[in-house]
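Structure file upload35.tsv (TSV, C-alpha atoms and all ligand atoms) follows.
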```
chain	number	residue	atom	x	y	z
A	1	MET	CA	46.90	-5.83	-32.75
A	2	THR	CA	44.61	-8.72	-31.74
A	3	TYR	CA	45.94	-11.26	-34.22
A	4	LEU	CA	48.94	-12.07	-36.39
A	5	ALA	CA	48.59	-13.83	-39.75
A	6	LYS	CA	50.42	-17.15	-39.97
A	7	PRO	CA	53.14	-17.53	-42.61
A	8	LYS	CA	51.69	-19.38	-45.61
A	9	LEU	CA	54.78	-21.56	-46.10
A	10	HIS	CA	54.62	-25.07	-44.68
A	11	HIS	CA	56.36	-28.41	-45.06
A	12	PRO	CA	55.43	-29.83	-48.50
A	13	GLU	CA	54.81	-33.29	-47.10
A	14	LEU	CA	52.32	-32.53	-44.35
A	15	PRO	CA	49.80	-35.38	-44.11
A	16	LYS	CA	46.52	-34.72	-45.92
A	17	ASN	CA	43.07	-35.98	-45.04
A	18	LYS	CA	40.58	-37.46	-47.53
A	19	LEU	CA	39.60	-33.97	-48.68
A	20	GLY	CA	43.22	-33.09	-49.48
A	21	PHE	CA	43.48	-30.67	-46.55
A	22	THR	CA	46.39	-30.51	-44.14
A	23	HIS	CA	46.31	-29.45	-40.51
A	24	ARG	CA	47.18	-25.95	-41.67
A	25	ASP	CA	43.82	-25.67	-43.46
A	26	TYR	CA	42.08	-25.98	-40.08
A	27	GLU	CA	44.25	-23.41	-38.30
A	28	GLY	CA	43.56	-19.71	-37.78
A	29	THR	CA	45.87	-16.81	-37.09
A	30	VAL	CA	48.75	-16.80	-34.58
A	31	SER	CA	47.43	-16.71	-31.01
A	32	THR	CA	48.04	-13.59	-28.93
A	33	LEU	CA	47.08	-15.29	-25.65
A	34	CYS	CA	49.68	-15.65	-22.84
A	35	ALA	CA	52.24	-18.38	-23.52
A	36	GLY	CA	51.08	-21.50	-21.67
A	37	CYS	CA	47.39	-20.53	-21.56
A	38	GLY	CA	45.22	-23.66	-21.52
A	39	HIS	CA	42.93	-22.14	-24.15
A	40	ASP	CA	45.65	-22.53	-26.83
A	41	SER	CA	45.79	-26.27	-26.17
A	42	ILE	CA	42.02	-26.48	-26.64
A	43	SER	CA	42.34	-24.66	-29.98
A	44	ALA	CA	44.97	-27.24	-30.99
A	45	ALA	CA	42.60	-30.07	-30.00
A	46	ILE	CA	39.77	-28.50	-32.05
A	47	ILE	CA	42.07	-28.22	-35.09
A	48	GLN	CA	43.09	-31.86	-34.76
A	49	ALA	CA	39.51	-33.07	-34.27
A	50	PHE	CA	38.16	-31.30	-37.37
A	51	PHE	CA	41.17	-32.39	-39.45
A	52	GLN	CA	40.62	-36.02	-38.40
A	53	LEU	CA	36.86	-35.81	-38.92
A	54	GLU	CA	37.59	-34.60	-42.47
A	55	VAL	CA	35.01	-31.83	-42.18
A	56	PRO	CA	35.09	-29.30	-45.02
A	57	PRO	CA	35.88	-26.05	-43.15
A	58	HIS	CA	33.13	-24.09	-44.95
A	59	ARG	CA	30.57	-26.40	-43.30
A	60	VAL	CA	31.42	-25.11	-39.82
A	61	ALA	CA	30.13	-22.04	-38.01
A	62	LYS	CA	32.13	-21.10	-34.89
A	63	LEU	CA	30.59	-18.63	-32.47
A	64	SER	CA	31.72	-17.12	-29.21
A	65	GLY	CA	31.04	-14.40	-26.64
A	66	ILE	CA	33.64	-12.18	-24.95
A	67	GLY	CA	36.76	-13.22	-23.02
A	68	CYS	CA	40.20	-14.71	-23.74
A	69	SER	CA	38.38	-18.00	-24.41
A	70	SER	CA	35.94	-16.30	-26.74
A	71	LYS	CA	38.86	-14.81	-28.71
A	72	THR	CA	40.15	-18.27	-29.59
A	73	PRO	CA	37.94	-18.95	-32.65
A	74	THR	CA	40.28	-16.52	-34.42
A	75	TYR	CA	43.05	-19.06	-33.84
A	76	PHE	CA	41.36	-22.10	-35.40
A	77	LEU	CA	39.21	-22.93	-38.43
A	78	GLY	CA	40.21	-19.79	-40.30
A	79	ASN	CA	38.27	-20.96	-43.37
A	80	SER	CA	34.99	-21.43	-41.51
A	81	HIS	CA	32.12	-19.06	-40.76
A	82	GLY	CA	32.61	-17.11	-37.54
A	83	PHE	CA	30.67	-14.76	-35.29
A	84	ASN	CA	32.08	-13.11	-32.19
A	85	SER	CA	28.97	-12.03	-30.30
A	86	VAL	CA	28.26	-9.89	-27.23
A	87	HIS	CA	29.33	-11.11	-23.74
A	88	GLY	CA	27.21	-14.15	-22.78
A	89	ARG	CA	25.03	-14.01	-25.88
A	90	MET	CA	26.63	-16.71	-28.02
A	91	PRO	CA	23.92	-19.34	-27.25
A	92	SER	CA	21.01	-17.30	-28.61
A	93	VAL	CA	22.99	-16.35	-31.72
A	94	VAL	CA	23.74	-20.05	-32.34
A	95	THR	CA	20.09	-20.92	-31.74
A	96	GLY	CA	18.97	-18.42	-34.37
A	97	ALA	CA	21.66	-19.42	-36.87
A	98	ASN	CA	20.86	-23.09	-36.39
A	99	LEU	CA	17.15	-22.46	-36.90
A	100	ALA	CA	17.89	-20.62	-40.13
A	101	ASN	CA	20.41	-23.13	-41.48
A	102	ARG	CA	20.39	-26.59	-39.96
A	103	ASP	CA	23.01	-27.80	-42.45
A	104	LEU	CA	26.05	-26.27	-40.75
A	105	ILE	CA	28.06	-27.73	-37.89
A	106	TYR	CA	27.80	-25.33	-34.96
A	107	LEU	CA	30.68	-24.89	-32.54
A	108	GLY	CA	30.17	-22.50	-29.62
A	109	VAL	CA	33.27	-21.56	-27.62
A	110	SER	CA	32.85	-19.70	-24.37
A	111	GLY	CA	34.40	-19.06	-20.97
A	112	ASP	CA	33.26	-19.70	-17.42
A	113	GLY	CA	32.54	-15.98	-17.06
A	114	ASP	CA	30.79	-15.82	-20.41
A	115	SER	CA	28.61	-18.88	-19.71
A	116	ALA	CA	28.27	-19.20	-15.91
A	117	SER	CA	27.85	-15.50	-15.07
A	118	ILE	CA	26.39	-13.07	-17.62
A	119	GLY	CA	25.36	-15.83	-20.04
A	120	LEU	CA	23.92	-18.35	-17.58
A	121	GLY	CA	20.34	-17.93	-18.78
A	122	GLN	CA	21.40	-18.13	-22.40
A	123	PHE	CA	23.41	-21.29	-21.75
A	124	ALA	CA	20.41	-22.87	-19.97
A	125	HIS	CA	18.01	-22.39	-22.85
A	126	ALA	CA	20.38	-23.61	-25.57
A	127	MET	CA	20.84	-26.83	-23.59
A	128	ARG	CA	17.18	-27.41	-22.75
A	129	ARG	CA	16.09	-26.73	-26.33
A	130	GLY	CA	18.52	-29.32	-27.65
A	131	VAL	CA	20.25	-26.97	-30.08
A	132	ASN	CA	22.38	-29.24	-32.28
A	133	MET	CA	25.79	-27.85	-31.43
A	134	VAL	CA	29.06	-28.44	-29.64
A	135	TYR	CA	29.27	-26.11	-26.65
A	136	ILE	CA	32.77	-25.83	-25.18
A	137	VAL	CA	33.42	-23.91	-21.98
A	138	GLU	CA	37.11	-23.15	-21.49
A	139	ASN	CA	36.93	-23.13	-17.71
A	140	ASN	CA	39.72	-21.39	-15.77
A	141	GLY	CA	37.73	-20.19	-12.74
A	142	VAL	CA	38.51	-16.53	-13.45
A	143	TYR	CA	37.70	-13.67	-15.76
A	144	GLY	CA	41.08	-13.86	-17.52
A	145	LEU	CA	40.51	-11.02	-19.96
A	146	THR	CA	39.58	-8.52	-17.25
A	147	LYS	CA	42.55	-9.47	-15.04
A	148	GLY	CA	41.59	-12.36	-12.82
A	149	GLN	CA	38.41	-11.72	-10.79
A	150	PHE	CA	36.84	-14.95	-9.42
A	151	SER	CA	34.28	-16.37	-11.78
A	152	ALA	CA	31.13	-18.29	-10.80
A	153	THR	CA	32.95	-21.62	-11.30
A	154	ALA	CA	35.73	-20.80	-8.79
A	155	ASP	CA	35.62	-23.31	-5.92
A	156	ARG	CA	34.62	-22.09	-2.48
A	157	GLY	CA	37.79	-21.62	-0.44
A	158	SER	CA	40.10	-21.35	-3.46
A	159	LYS	CA	42.58	-18.46	-3.39
A	160	SER	CA	43.22	-15.69	-5.87
A	161	LYS	CA	46.78	-14.83	-6.89
A	162	ARG	CA	46.81	-12.06	-4.27
A	163	GLY	CA	45.54	-14.39	-1.53
A	164	ALA	CA	41.85	-13.40	-1.40
A	165	VAL	CA	39.56	-16.35	-0.60
A	166	ASN	CA	36.46	-17.10	-2.65
A	167	ASN	CA	33.48	-17.51	-0.31
A	168	ASP	CA	30.82	-18.23	-2.89
A	169	GLU	CA	29.50	-21.63	-3.94
A	170	PRO	CA	30.74	-22.67	-7.37
A	171	ILE	CA	28.48	-23.45	-10.30
A	172	ASP	CA	29.29	-26.86	-11.75
A	173	MET	CA	28.61	-26.52	-15.46
A	174	VAL	CA	28.53	-30.29	-15.96
A	175	MET	CA	25.82	-30.80	-13.32
A	176	LEU	CA	23.90	-27.92	-14.80
A	177	ALA	CA	24.15	-29.30	-18.36
A	178	LEU	CA	22.89	-32.68	-17.13
A	179	GLU	CA	19.98	-31.08	-15.31
A	180	LEU	CA	19.12	-28.91	-18.31
A	181	GLY	CA	18.90	-31.83	-20.71
A	182	ALA	CA	22.15	-31.74	-22.71
A	183	THR	CA	22.38	-35.12	-24.41
A	184	LEU	CA	26.17	-35.48	-24.53
A	185	VAL	CA	28.06	-34.20	-21.50
A	186	ALA	CA	31.81	-34.47	-20.93
A	187	ARG	CA	34.57	-32.93	-18.90
A	188	SER	CA	38.21	-32.77	-19.85
A	189	PHE	CA	41.47	-30.95	-19.21
A	190	SER	CA	43.32	-28.75	-21.69
A	191	GLY	CA	46.50	-30.64	-20.79
A	192	ASP	CA	45.05	-33.99	-21.91
A	193	LYS	CA	44.75	-33.90	-25.70
A	194	THR	CA	44.45	-37.68	-25.91
A	195	GLN	CA	41.22	-37.45	-23.94
A	196	LEU	CA	39.94	-34.19	-25.38
A	197	VAL	CA	40.25	-34.79	-29.15
A	198	PRO	CA	37.93	-37.85	-29.34
A	199	LEU	CA	35.46	-36.11	-27.02
A	200	ILE	CA	35.27	-33.18	-29.46
A	201	GLU	CA	34.90	-35.58	-32.40
A	202	ALA	CA	32.07	-37.44	-30.66
A	203	ALA	CA	30.38	-34.15	-29.78
A	204	VAL	CA	30.58	-32.88	-33.38
A	205	ARG	CA	28.87	-36.02	-34.66
A	206	HIS	CA	26.25	-36.01	-31.87
A	207	GLN	CA	22.80	-34.84	-33.04
A	208	GLY	CA	21.73	-32.65	-30.15
A	209	ALA	CA	23.13	-30.35	-27.48
A	210	ALA	CA	26.67	-31.56	-26.68
A	211	PHE	CA	28.46	-29.87	-23.81
A	212	ILE	CA	32.16	-30.13	-22.92
A	213	ASP	CA	33.55	-28.43	-19.82
A	214	VAL	CA	37.31	-28.16	-20.30
A	215	ILE	CA	39.42	-27.14	-17.31
A	216	SER	CA	41.87	-24.72	-18.87
A	217	PRO	CA	44.36	-23.06	-16.51
A	218	CYS	CA	44.94	-19.31	-16.75
A	219	VAL	CA	48.71	-18.96	-16.27
A	220	ALA	CA	48.49	-15.22	-15.68
A	221	PHE	CA	45.90	-15.18	-12.86
A	222	ASN	CA	44.95	-18.65	-11.62
A	223	ASN	CA	47.85	-21.08	-11.72
A	224	HIS	CA	49.20	-20.73	-8.17
A	225	ALA	CA	49.02	-22.85	-5.02
A	226	GLY	CA	45.52	-22.49	-3.54
A	227	SER	CA	43.85	-22.43	-6.96
A	228	THR	CA	41.77	-25.48	-7.88
A	229	LYS	CA	42.11	-24.68	-11.60
A	230	SER	CA	45.93	-24.77	-11.77
A	231	TYR	CA	47.86	-27.29	-13.87
A	232	ASP	CA	49.25	-28.96	-10.75
A	233	PHE	CA	45.90	-29.21	-8.94
A	234	VAL	CA	44.05	-30.63	-11.92
A	235	ARG	CA	46.79	-33.18	-12.65
A	236	GLU	CA	46.75	-34.33	-9.02
A	237	HIS	CA	42.95	-34.62	-8.74
A	238	ASN	CA	41.98	-35.72	-12.24
A	239	GLU	CA	39.89	-38.90	-12.11
A	240	ALA	CA	39.08	-40.16	-15.63
A	241	VAL	CA	36.09	-42.53	-15.63
A	242	ASN	CA	36.64	-43.78	-19.16
A	243	ARG	CA	38.77	-43.43	-22.27
A	244	LEU	CA	37.05	-42.79	-25.56
A	245	ASP	CA	38.04	-43.91	-29.05
A	246	PHE	CA	35.95	-42.20	-31.68
A	247	MET	CA	35.17	-44.19	-34.84
A	248	PRO	CA	33.45	-42.31	-37.70
A	249	THR	CA	31.80	-45.60	-38.72
A	250	ARG	CA	31.60	-49.11	-37.31
A	251	THR	CA	34.96	-50.80	-37.75
A	252	GLU	CA	36.41	-54.04	-36.56
A	253	ILE	CA	38.25	-53.85	-33.24
A	254	THR	CA	41.88	-54.40	-34.08
A	255	THR	CA	43.51	-53.14	-30.88
A	256	ASP	CA	44.26	-55.56	-28.09
A	257	TYR	CA	41.45	-54.75	-25.65
A	258	ALA	CA	40.72	-57.45	-23.12
A	259	PRO	CA	37.30	-59.02	-23.79
A	260	GLY	CA	34.46	-57.20	-22.05
A	261	THR	CA	36.45	-54.02	-21.39
A	262	VAL	CA	35.08	-52.07	-24.36
A	263	HIS	CA	31.58	-50.71	-24.51
A	264	GLU	CA	30.27	-49.40	-27.84
A	265	VAL	CA	27.75	-46.58	-28.26
A	266	VAL	CA	26.37	-46.05	-31.76
A	267	GLN	CA	25.13	-42.53	-32.52
A	268	HIS	CA	22.36	-41.45	-34.91
A	269	ASP	CA	24.76	-40.91	-37.81
A	270	GLY	CA	26.41	-44.32	-37.44
A	271	SER	CA	29.53	-43.06	-35.67
A	272	VAL	CA	30.72	-45.29	-32.85
A	273	LEU	CA	31.98	-44.23	-29.44
A	274	ARG	CA	34.21	-46.97	-28.14
A	275	LEU	CA	34.52	-46.61	-24.38
A	276	ARG	CA	37.10	-48.25	-22.21
A	277	LYS	CA	35.84	-48.21	-18.66
A	278	LEU	CA	38.32	-47.06	-16.06
A	279	HIS	CA	35.77	-47.19	-13.25
A	280	GLN	CA	33.54	-50.23	-13.19
A	281	ASP	CA	30.62	-48.50	-11.46
A	282	TYR	CA	30.42	-45.60	-13.92
A	283	ASP	CA	27.73	-45.88	-16.59
A	284	PRO	CA	27.45	-42.88	-18.98
A	285	SER	CA	24.06	-44.03	-20.28
A	286	ASP	CA	22.37	-43.69	-16.88
A	287	LYS	CA	21.95	-40.07	-15.88
A	288	LEU	CA	20.92	-40.80	-12.29
A	289	VAL	CA	23.95	-43.00	-11.67
A	290	ALA	CA	26.17	-40.40	-13.34
A	291	VAL	CA	24.83	-37.54	-11.19
A	292	ASP	CA	25.21	-39.56	-7.99
A	293	TYR	CA	28.76	-40.61	-8.90
A	294	LEU	CA	29.79	-37.07	-9.86
A	295	GLN	CA	28.45	-35.62	-6.61
A	296	ARG	CA	30.24	-38.22	-4.49
A	297	ARG	CA	33.59	-37.84	-6.24
A	298	LYS	CA	33.28	-34.06	-6.12
A	299	ALA	CA	32.70	-34.21	-2.35
A	300	ALA	CA	35.91	-36.27	-2.15
A	301	GLY	CA	37.77	-33.47	-3.96
A	302	GLU	CA	38.19	-35.25	-7.30
A	303	ILE	CA	37.69	-33.73	-10.73
A	304	VAL	CA	35.88	-36.40	-12.73
A	305	THR	CA	36.70	-36.32	-16.46
A	306	GLY	CA	35.70	-38.34	-19.51
A	307	LEU	CA	32.45	-38.95	-21.35
A	308	LEU	CA	30.02	-38.46	-18.48
A	309	TYR	CA	26.66	-38.88	-20.17
A	310	VAL	CA	25.41	-39.66	-23.65
A	311	ARG	CA	22.00	-40.32	-25.15
A	312	PRO	CA	22.84	-41.49	-28.65
A	313	ASP	CA	19.21	-41.32	-29.88
A	314	ALA	CA	18.74	-37.72	-28.73
A	315	ASP	CA	16.22	-35.37	-30.33
A	316	ASP	CA	17.58	-32.03	-31.44
A	317	MET	CA	15.70	-28.73	-31.64
A	318	HIS	CA	14.63	-29.26	-35.27
A	319	ARG	CA	13.17	-32.67	-34.56
A	320	LEU	CA	11.36	-31.30	-31.52
A	321	LEU	CA	9.94	-28.42	-33.57
A	322	ASN	CA	9.18	-30.71	-36.51
A	323	THR	CA	10.77	-28.35	-39.01
A	324	VAL	CA	11.30	-29.35	-42.65
A	325	ASP	CA	14.55	-31.00	-43.72
A	326	THR	CA	15.44	-28.14	-46.06
A	327	PRO	CA	17.27	-25.38	-44.21
A	328	LEU	CA	14.77	-22.55	-43.63
A	329	ASN	CA	17.09	-20.04	-45.30
A	330	GLN	CA	16.87	-22.04	-48.53
A	331	LEU	CA	13.08	-22.16	-48.77
A	332	GLY	CA	11.78	-20.37	-51.85
A	333	GLU	CA	8.64	-18.43	-52.62
A	334	LYS	CA	6.81	-21.60	-53.61
A	335	GLU	CA	7.19	-23.10	-50.11
A	336	LEU	CA	6.77	-19.83	-48.23
A	337	VAL	CA	3.72	-18.55	-50.14
A	338	PRO	CA	1.73	-21.71	-50.84
A	339	GLY	CA	-1.47	-19.85	-51.82
A	340	ALA	CA	-5.01	-19.35	-50.55
A	341	VAL	CA	-6.13	-22.98	-50.90
A	342	ALA	CA	-3.22	-24.31	-48.84
A	343	LEU	CA	-3.80	-21.57	-46.25
A	344	GLU	CA	-7.47	-22.45	-45.98
A	345	ARG	CA	-6.59	-26.15	-45.55
A	346	PHE	CA	-4.09	-25.27	-42.83
A	347	ASN	CA	-6.54	-23.02	-40.99
A	348	ALA	CA	-9.18	-25.73	-41.18
A	349	SER	CA	-6.76	-28.21	-39.61
A	350	LEU	CA	-6.51	-25.94	-36.57
A	351	ARG	CA	-10.23	-25.55	-36.01
B	1	LIG	C1	28.28	-6.60	-21.02
B	1	LIG	C2	29.70	-6.78	-20.59
B	1	LIG	N1	29.99	-6.83	-19.29
B	1	LIG	C3	31.27	-7.01	-18.89
B	1	LIG	C4	32.27	-7.09	-19.81
B	1	LIG	C5	33.68	-7.23	-19.33
B	1	LIG	N2	34.21	-8.56	-19.55
B	1	LIG	C6	34.89	-8.89	-20.67
B	1	LIG	S1	35.40	-10.47	-20.68
B	1	LIG	C7	34.74	-10.72	-19.14
B	1	LIG	C8	34.86	-12.06	-18.45
B	1	LIG	C9	35.50	-13.12	-19.26
B	1	LIG	O1	35.66	-14.26	-18.50
B	1	LIG	P1	35.59	-15.69	-19.16
B	1	LIG	O2	34.38	-15.83	-19.97
B	1	LIG	O3	35.79	-16.68	-18.07
B	1	LIG	O4	36.81	-15.70	-20.19
B	1	LIG	P2	38.38	-15.86	-19.94
B	1	LIG	O5	38.95	-14.52	-20.25
B	1	LIG	O6	38.62	-16.27	-18.54
B	1	LIG	O7	38.78	-16.91	-20.93
B	1	LIG	C10	34.12	-9.59	-18.66
B	1	LIG	C11	33.45	-9.53	-17.35
B	1	LIG	C12	31.93	-7.03	-21.18
B	1	LIG	N3	32.85	-7.13	-22.14
B	1	LIG	N4	30.65	-6.86	-21.55
B	2	LIG	S1	44.95	-13.85	-19.08
B	2	LIG	FE1	44.71	-16.02	-18.58
B	2	LIG	S2	43.00	-16.73	-19.87
B	2	LIG	FE2	43.77	-14.80	-20.74
B	2	LIG	S3	45.32	-15.39	-22.26
B	2	LIG	FE3	46.41	-15.02	-20.36
B	2	LIG	S4	46.53	-17.05	-19.40
B	2	LIG	FE4	44.94	-17.17	-20.96
B	3	MG	MG	37.44	-17.67	-17.48
```

Let's see the structure in the file written out as structure tokens.
Amino acid sequence: MTYLAKPKLHHPELPKNKLGFTHRDYEGTVSTLCAGCGHDSISAAIIQAFFQLEVPPHRVAKLSGIGCSSKTPTYFLGNSHGFNSVHGRMPSVVTGANLANRDLIYLGVSGDGDSASIGLGQFAHAMRRGVNMVYIVENNGVYGLTKGQFSATADRGSKSKRGAVNNDEPIDMVMLALELGATLVARSFSGDKTQLVPLIEAAVRHQGAAFIDVISPCVAFNNHAGSTKSYDFVREHNEAVNRLDFMPTRTEITTDYAPGTVHEVVQHDGSVLRLRKLHQDYDPSDKLVAVDYLQRRKAAGEIVTGLLYVRPDADDMHRLLNTVDTPLNQLGEKELVPGAVALERFNASLR
């Protein structure tokens, strides 16, 4: 049994969003992951983000690869479209789906094994093409599903549960996403919902490739002393550069921020990212500064979290390809077979 249906009964006075949906309408089936697995907290953050964003569930397509992390779409957004693909192949399936129907909101959920090992090439091309999607890597430094082998994001020198030392250099998915051209890049921790929920909301409303690396401890295989992906290690070394408040539209600031401490970023769709700086020298709009800062803090053993980079006026794949506004899967015969005269005109334009 890989899932358990949730009981339909719920408290009659659960808060509803503008669409009349409760939290329950954004949930999936009961999780069968290990109790305490970080991935379950990420599912909870996704449910909260979509509930708060008031997204109609049928407008979302959630896609994944293979792994404990890739199982999680079963546990959220049960009324949305879903596709559980082959190991490491989620990015190309999203790319194709997005090309065919640009009107859906695409959420790719993957693991460090799924994205940094077998799917590394796939991940690279989805980012560099600017596929309009939210790409979440639930990063625990191991292959959880296949019983705890080191993954490509495991830090050099970190120890497995049985004491083996990892000698290989880690792949930093955030640095890679920045290099590859993702236009919203963030890192968070499954144990910090206050940070993670607005990051997911901002990523959903971003028009371009949005990448979130979420450190998500595996309690079965990678939560011991010597692991750099354990709850204790991440809590001790977590260095948040900013705090994000996501505003669906521009609204007056009513909270008591000190003047000059809030920086606003307006995205394409009018949503506003209100950033409270926690580190004065961190600027998420300057990629070079961000890369330099991340490298330095990493060398000092810190795990930098927060909104790390954003280009609010990003171009997504459709804009780069200059496709029509109508989703390609809705084009009719009239548009697809325009006739000999139109064909001749088109051919002439290429001569
Ligand atoms: C082609 C292929 N190779 C290998 C496997 C075995 N396999 C299943 S999941 C997995 C790794 C999953 O690790 P990760 O993506 O980090 O997910 P986690 O379980 O840690 O959340 C592997 C190697 C597979 N299913 N398919
Ligand atoms: S094996 Fe690890 S990643 Fe998989 S469900 Fe258990 S704690 Fe989570
Ligand atoms: Mg993993």

Could the centre and edge lengths of an axis-aligned box, enclosing all atoms of ligand LIG 1 (chain B) in the file with 8 Å extra on each side, be given in Å to one decimal as JSON?
```
{"center_x": 33.6, "center_y": -11.8, "center_z": -19.7, "size_x": 26.7, "size_y": 26.3, "size_z": 20.8}
```

List the neighbours of stretch 57-68 of chain A out to 10 Å using only C-alpha atoms; skip same-chain residues closer than 5 positions along the sequence, and give me the result as an NGL selection string.
:A and (21 or 25-26 or 32-34 or 37 or 39 or 50-51 or 73-74 or 76-91 or 93-94 or 97-98 or 103-115 or 119 or 133-136 or 138 or 143-146 or 218)

Residue neighbourhood A:Leu14, 12 Å, only C-alpha atoms, exclusion window fewer than 5 positions, as a ChimeraX atom specification
/A:9,20-25

For the selection just defined, write its residues with C-alpha atoms to a file, as a PDB file, in the frame of the given file.
```pdb
ATOM      1  CA  LEU A   9      54.780 -21.560 -46.100  1.00  0.00           C
ATOM      2  CA  GLY A  20      43.220 -33.090 -49.480  1.00  0.00           C
ATOM      3  CA  PHE A  21      43.480 -30.670 -46.550  1.00  0.00           C
ATOM      4  CA  THR A  22      46.390 -30.510 -44.140  1.00  0.00           C
ATOM      5  CA  HIS A  23      46.310 -29.450 -40.510  1.00  0.00           C
ATOM      6  CA  ARG A  24      47.180 -25.950 -41.670  1.00  0.00           C
ATOM      7  CA  ASP A  25      43.820 -25.670 -43.460  1.00  0.00           C
TER       8      ASP A  25
END
```

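Taking atom CA of A:Ala5 and atom C4 of ligand LIG 1 (chain B) as endpoints, the distance between them is 26.6 Å.
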
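Among A:Val142, A:Leu120, A:Val265, A:Ala225, the residue with the shortest atom-to-atom distance to ligand LIG 2 (chain B), counting only C-alpha atoms and all ligand atoms, is A:Val142.
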
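All protein, DNA and RNA residues at most 6 Å from (18.0, -33.8, -32.5) are A:Gln207, A:Gly208, A:Ala314, A:Asp315, A:Asp316, A:Met317, A:Arg319, using only C-alpha atoms.
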
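Shortest atom-to-atom contact with A:Ser41 among A:Phe221, A:Phe246, A:Phe346, A:Phe189: A:Phe189, counting all atoms listed in the file.
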
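Each of A:Asn222, A:Val165, A:Arg128, A:Val55 was checked against A:Leu19 using all atoms listed in the file; the smallest atom-to-atom distance is that of A:Val55.
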
Fewer than 4 positions away in the same chain doesn't count, so skip those; otherwise give me all residues within 10 Å of A:Phe233, counting all atoms listed in the file, as a list in words.
Pro217, Asn223, His224, Ala225, Gly226, Ser227, Thr228, Lys229, His237, Asn238, Glu302 and Ile303 of chain A

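Atom pair atom CA of A:Ile47 / atom CA of A:Gly121 has a distance of 29.1 Å (rounded to one decimal).
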
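For the residues A:Val219, A:Met247, A:Met175, A:Val262, ranking by smallest atom-to-atom distance to ligand LIG 2 (chain B) using all atoms listed in the file places A:Val219 first.
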
Give me stretch 68-82 of chain A from this structure - N, CA and C atoms, as an mmCIF file, in the first residue's frame.
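Saved the output as out28.cif:
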```cif
data_model
loop_
_atom_site.group_PDB
_atom_site.id
_atom_site.type_symbol
_atom_site.label_atom_id
_atom_site.label_comp_id
_atom_site.auth_asym_id
_atom_site.auth_seq_id
_atom_site.Cartn_x
_atom_site.Cartn_y
_atom_site.Cartn_z
ATOM 1 N N CYS A 68 11.681 9.104 -2.301
ATOM 2 C CA CYS A 68 10.691 9.436 -1.267
ATOM 3 C C CYS A 68 10.138 10.827 -1.558
ATOM 4 N N SER A 69 11.038 11.753 -1.921
ATOM 5 C CA SER A 69 10.622 13.123 -2.246
ATOM 6 C C SER A 69 9.649 13.135 -3.421
ATOM 7 N N SER A 70 9.937 12.320 -4.413
ATOM 8 C CA SER A 70 9.094 12.310 -5.608
ATOM 9 C C SER A 70 7.754 11.617 -5.355
ATOM 10 N N LYS A 71 7.639 10.900 -4.231
ATOM 11 C CA LYS A 71 6.336 10.318 -3.863
ATOM 12 C C LYS A 71 5.393 11.370 -3.300
ATOM 13 N N THR A 72 5.982 12.481 -2.795
ATOM 14 C CA THR A 72 5.157 13.402 -1.999
ATOM 15 C C THR A 72 4.003 14.073 -2.745
ATOM 16 N N PRO A 73 4.054 14.263 -4.081
ATOM 17 C CA PRO A 73 2.888 14.890 -4.712
ATOM 18 C C PRO A 73 1.582 14.119 -4.464
ATOM 19 N N THR A 74 1.693 12.859 -4.073
ATOM 20 C CA THR A 74 0.477 12.114 -3.704
ATOM 21 C C THR A 74 -0.123 12.682 -2.415
ATOM 22 N N TYR A 75 0.704 13.371 -1.623
ATOM 23 C CA TYR A 75 0.251 13.813 -0.304
ATOM 24 C C TYR A 75 -0.187 15.278 -0.286
ATOM 25 N N PHE A 76 -0.164 15.950 -1.426
ATOM 26 C CA PHE A 76 -0.705 17.311 -1.484
ATOM 27 C C PHE A 76 -1.409 17.523 -2.818
ATOM 28 N N LEU A 77 -2.253 18.543 -2.870
ATOM 29 C CA LEU A 77 -2.963 18.928 -4.099
ATOM 30 C C LEU A 77 -3.617 17.726 -4.793
ATOM 31 N N GLY A 78 -4.419 17.030 -4.022
ATOM 32 C CA GLY A 78 -5.079 15.817 -4.542
ATOM 33 C C GLY A 78 -6.076 16.099 -5.647
ATOM 34 N N ASN A 79 -6.475 17.371 -5.812
ATOM 35 C CA ASN A 79 -7.429 17.705 -6.875
ATOM 36 C C ASN A 79 -6.753 18.344 -8.080
ATOM 37 N N SER A 80 -5.417 18.225 -8.130
ATOM 38 C CA SER A 80 -4.679 18.818 -9.246
ATOM 39 C C SER A 80 -4.232 17.727 -10.230
ATOM 40 N N HIS A 81 -3.714 18.158 -11.372
ATOM 41 C CA HIS A 81 -3.147 17.200 -12.322
ATOM 42 C C HIS A 81 -1.824 16.680 -11.747
ATOM 43 N N GLY A 82 -1.486 15.433 -12.021
ATOM 44 C CA GLY A 82 -0.238 14.907 -11.491
ATOM 45 C C GLY A 82 0.401 13.923 -12.455
#
```
